[in-house]
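input_25.cif (mmCIF, C-alpha atoms and all ligand atoms; chains and numbers go by the auth columns)
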data_entry
#
loop_
_atom_site.group_PDB
_atom_site.id
_atom_site.type_symbol
_atom_site.label_atom_id
_atom_site.label_comp_id
_atom_site.label_asym_id
_atom_site.label_seq_id
_atom_site.Cartn_x
_atom_site.Cartn_y
_atom_site.Cartn_z
_atom_site.B_iso_or_equiv
_atom_site.auth_seq_id
_atom_site.auth_asym_id
ATOM 1 C CA MET A 1 15.446 152.380 -2.111 0.00 1 A
ATOM 2 C CA GLU A 2 17.997 153.475 0.411 0.00 2 A
ATOM 3 C CA LEU A 3 19.092 157.093 0.362 0.00 3 A
ATOM 4 C CA ASN A 4 22.726 157.644 -0.429 0.00 4 A
ATOM 5 C CA PRO A 5 24.605 159.085 2.515 0.00 5 A
ATOM 6 C CA ILE A 6 26.790 162.175 2.413 0.00 6 A
ATOM 7 C CA CYS A 7 30.517 161.977 2.972 0.00 7 A
ATOM 8 C CA CYS A 8 31.534 163.641 6.227 0.00 8 A
ATOM 9 C CA PHE A 9 34.786 164.896 4.682 0.00 9 A
ATOM 10 C CA CYS A 10 33.930 166.274 1.244 0.00 10 A
ATOM 11 C CA TYR A 11 30.140 166.681 1.679 0.00 11 A
ATOM 12 C CA LEU A 12 29.419 164.935 -1.605 0.00 12 A
ATOM 13 C CA ILE A 13 26.849 162.205 -1.928 0.00 13 A
ATOM 14 C CA ILE A 14 28.288 158.715 -1.742 0.00 14 A
ATOM 15 C CA ASP A 15 27.090 156.344 -4.421 0.00 15 A
ATOM 16 C CA LEU A 16 27.153 153.096 -2.503 0.00 16 A
ATOM 17 C CA ASP A 17 27.031 151.090 -5.723 0.00 17 A
ATOM 18 C CA GLU A 18 30.188 152.749 -6.987 0.00 18 A
ATOM 19 C CA ASP A 19 32.192 152.959 -3.794 0.00 19 A
ATOM 20 C CA GLU A 20 32.078 149.581 -2.147 0.00 20 A
ATOM 21 C CA GLY A 21 34.620 150.744 0.360 0.00 21 A
ATOM 22 C CA ALA A 22 32.467 153.625 1.546 0.00 22 A
ATOM 23 C CA THR A 23 32.290 153.230 5.219 0.00 23 A
ATOM 24 C CA VAL A 24 30.489 154.173 8.354 0.00 24 A
ATOM 25 C CA VAL A 25 32.718 156.121 10.685 0.00 25 A
ATOM 26 C CA LYS A 26 31.708 155.827 14.284 0.00 26 A
ATOM 27 C CA LEU A 27 32.663 158.871 16.261 0.00 27 A
ATOM 28 C CA GLY A 28 32.697 158.710 19.990 0.00 28 A
ATOM 29 C CA ALA A 29 33.069 161.390 22.610 0.00 29 A
ATOM 30 C CA VAL A 30 32.384 161.984 26.230 0.00 30 A
ATOM 31 C CA ASP A 31 29.381 164.200 26.795 0.00 31 A
ATOM 32 C CA PRO A 32 29.730 165.844 30.195 0.00 32 A
ATOM 33 C CA ALA A 33 26.124 167.024 30.104 0.00 33 A
ATOM 34 C CA LYS A 34 24.892 163.474 29.854 0.00 34 A
ATOM 35 C CA GLY A 35 27.656 162.045 31.985 0.00 35 A
ATOM 36 C CA GLY A 36 28.519 159.379 29.496 0.00 36 A
ATOM 37 C CA ASN A 37 29.728 158.503 26.068 0.00 37 A
ATOM 38 C CA VAL A 38 27.899 159.622 22.984 0.00 38 A
ATOM 39 C CA THR A 39 28.407 158.196 19.540 0.00 39 A
ATOM 40 C CA GLN A 40 27.518 159.410 16.120 0.00 40 A
ATOM 41 C CA ARG A 41 27.572 157.595 12.822 0.00 41 A
ATOM 42 C CA ALA A 42 28.902 159.367 9.789 0.00 42 A
ATOM 43 C CA TYR A 43 29.686 158.131 6.312 0.00 43 A
ATOM 44 C CA SER A 44 32.848 158.603 4.351 0.00 44 A
ATOM 45 C CA HIS A 45 34.146 157.758 0.897 0.00 45 A
ATOM 46 C CA SER A 46 36.868 155.151 1.124 0.00 46 A
ATOM 47 C CA GLY A 47 39.257 157.538 -0.634 0.00 47 A
ATOM 48 C CA CYS A 48 38.449 160.473 1.631 0.00 48 A
ATOM 49 C CA LEU A 49 39.120 158.398 4.710 0.00 49 A
ATOM 50 C CA ARG A 50 42.381 156.992 3.338 0.00 50 A
ATOM 51 C CA GLU A 51 43.529 160.501 2.433 0.00 51 A
ATOM 52 C CA ARG A 52 42.964 161.812 5.924 0.00 52 A
ATOM 53 C CA VAL A 53 44.294 159.022 8.046 0.00 53 A
ATOM 54 C CA HIS A 54 48.007 159.093 8.751 0.00 54 A
ATOM 55 C CA PRO A 55 49.880 156.694 6.418 0.00 55 A
ATOM 56 C CA ASN A 56 51.396 154.928 9.407 0.00 56 A
ATOM 57 C CA ILE A 57 47.965 153.739 10.436 0.00 57 A
ATOM 58 C CA ASP A 58 46.871 150.592 8.677 0.00 58 A
ATOM 59 C CA LEU A 59 43.410 150.729 7.214 0.00 59 A
ATOM 60 C CA TRP A 60 41.506 147.880 5.688 0.00 60 A
ATOM 61 C CA TRP A 61 38.004 147.286 4.511 0.00 61 A
ATOM 62 C CA GLU A 62 35.858 144.354 5.414 0.00 62 A
ATOM 63 C CA PHE A 63 32.995 143.473 3.114 0.00 63 A
HETATM 64 ZN ZN ZN B . 34.248 162.117 0.328 0.00 101 A
#

Write out the structure in this file as structure tokens.
Amino acid sequence: MELNPICCFCYLIIDLDEDEGATVVKLGAVDPAKGGNVTQRAYSHSGCLRERVHPNIDLWWEF
């Protein structure tokens, strides 16, 4: 059984069976110490992500 991830916005557990749109958010940044790009994966409820992204930005979910 896979562990349910935690939403990076509201800190609640995401039930992947209930929220099909739950998504992996890939965050990228430049890490000067390593001299390159670092990435981190975080999970988010579909609703939490939609709420926080500016309405002018189109979002869609691919299943
Ligand atoms: Zn959430």

Ligand ZN 101 (chain A) neighbours within 6 Å using only C-alpha atoms and all ligand atoms, as a PyMOL selection string
chain A and resi 7+9-10+12+44-45+48

May I have the residues from that selection written out with C-alpha atoms, as a PDB file, in the coordinates of the input?
ATOM      1  CA  CYS A   7      30.517 161.977   2.972  1.00  0.00           C
ATOM      2  CA  PHE A   9      34.786 164.896   4.682  1.00  0.00           C
ATOM      3  CA  CYS A  10      33.930 166.274   1.244  1.00  0.00           C
ATOM      4  CA  LEU A  12      29.419 164.935  -1.605  1.00  0.00           C
ATOM      5  CA  SER A  44      32.848 158.603   4.351  1.00  0.00           C
ATOM      6  CA  HIS A  45      34.146 157.758   0.897  1.00  0.00           C
ATOM      7  CA  CYS A  48      38.449 160.473   1.631  1.00  0.00           C
TER       8      CYS A  48
END

Which residues come within 9 Å of Ala22 of chain A, counting all atoms listed in the file, excluding same-chain residues fewer than 2 positions away, as a ChimeraX atom specification?
/A:7,14-16,18-20,24,43-47,49,61

Okay, now the selection with C-alpha atoms, as an mmCIF file, keeping the file's coordinate frame?
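result.cif, written as the output of this step:
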data_model
loop_
_atom_site.group_PDB
_atom_site.id
_atom_site.type_symbol
_atom_site.label_atom_id
_atom_site.label_comp_id
_atom_site.auth_asym_id
_atom_site.auth_seq_id
_atom_site.Cartn_x
_atom_site.Cartn_y
_atom_site.Cartn_z
ATOM 1 C CA CYS A 7 30.517 161.977 2.972
ATOM 2 C CA ILE A 14 28.288 158.715 -1.742
ATOM 3 C CA ASP A 15 27.090 156.344 -4.421
ATOM 4 C CA LEU A 16 27.153 153.096 -2.503
ATOM 5 C CA GLU A 18 30.188 152.749 -6.987
ATOM 6 C CA ASP A 19 32.192 152.959 -3.794
ATOM 7 C CA GLU A 20 32.078 149.581 -2.147
ATOM 8 C CA VAL A 24 30.489 154.173 8.354
ATOM 9 C CA TYR A 43 29.686 158.131 6.312
ATOM 10 C CA SER A 44 32.848 158.603 4.351
ATOM 11 C CA HIS A 45 34.146 157.758 0.897
ATOM 12 C CA SER A 46 36.868 155.151 1.124
ATOM 13 C CA GLY A 47 39.257 157.538 -0.634
ATOM 14 C CA LEU A 49 39.120 158.398 4.710
ATOM 15 C CA TRP A 61 38.004 147.286 4.511
#

12 Å contact set for Leu59 of chain A, all atoms listed in the file, chain neighbours under 3 positions out, as an MDAnalysis selection string:
chainID A and resid 21 23 46:47 49:56 62

Could those residues be written to a file, using C-alpha atoms, as a PDB file, keeping the file's coordinate frame?
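For reference, part.pdb as written:
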ATOM      1  CA  GLY A  21      34.620 150.744   0.360  1.00  0.00           C
ATOM      2  CA  THR A  23      32.290 153.230   5.219  1.00  0.00           C
ATOM      3  CA  SER A  46      36.868 155.151   1.124  1.00  0.00           C
ATOM      4  CA  GLY A  47      39.257 157.538  -0.634  1.00  0.00           C
ATOM      5  CA  LEU A  49      39.120 158.398   4.710  1.00  0.00           C
ATOM      6  CA  ARG A  50      42.381 156.992   3.338  1.00  0.00           C
ATOM      7  CA  GLU A  51      43.529 160.501   2.433  1.00  0.00           C
ATOM      8  CA  ARG A  52      42.964 161.812   5.924  1.00  0.00           C
ATOM      9  CA  VAL A  53      44.294 159.022   8.046  1.00  0.00           C
ATOM     10  CA  HIS A  54      48.007 159.093   8.751  1.00  0.00           C
ATOM     11  CA  PRO A  55      49.880 156.694   6.418  1.00  0.00           C
ATOM     12  CA  ASN A  56      51.396 154.928   9.407  1.00  0.00           C
ATOM     13  CA  GLU A  62      35.858 144.354   5.414  1.00  0.00           C
TER      14      GLU A  62
END

I want to know what sits within 8 Å of Gly28 of chain A, based on all atoms listed in the file, with residues of the same chain fewer than 4 positions away left out; could you give that as JSON, numbers by chain?
{"A": [37, 38, 39, 40]}

Between atom CA of Leu27 of chain A and atom CA of Asp58 of chain A lies a distance of 18.1 Å

Between atom CA of Arg41 of chain A and atom CA of Ile57 of chain A, what is the spacing in Å?
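Interatomic distance, atom CA of Ile57 of chain A to atom CA of Arg41 of chain A: 20.9 Å.
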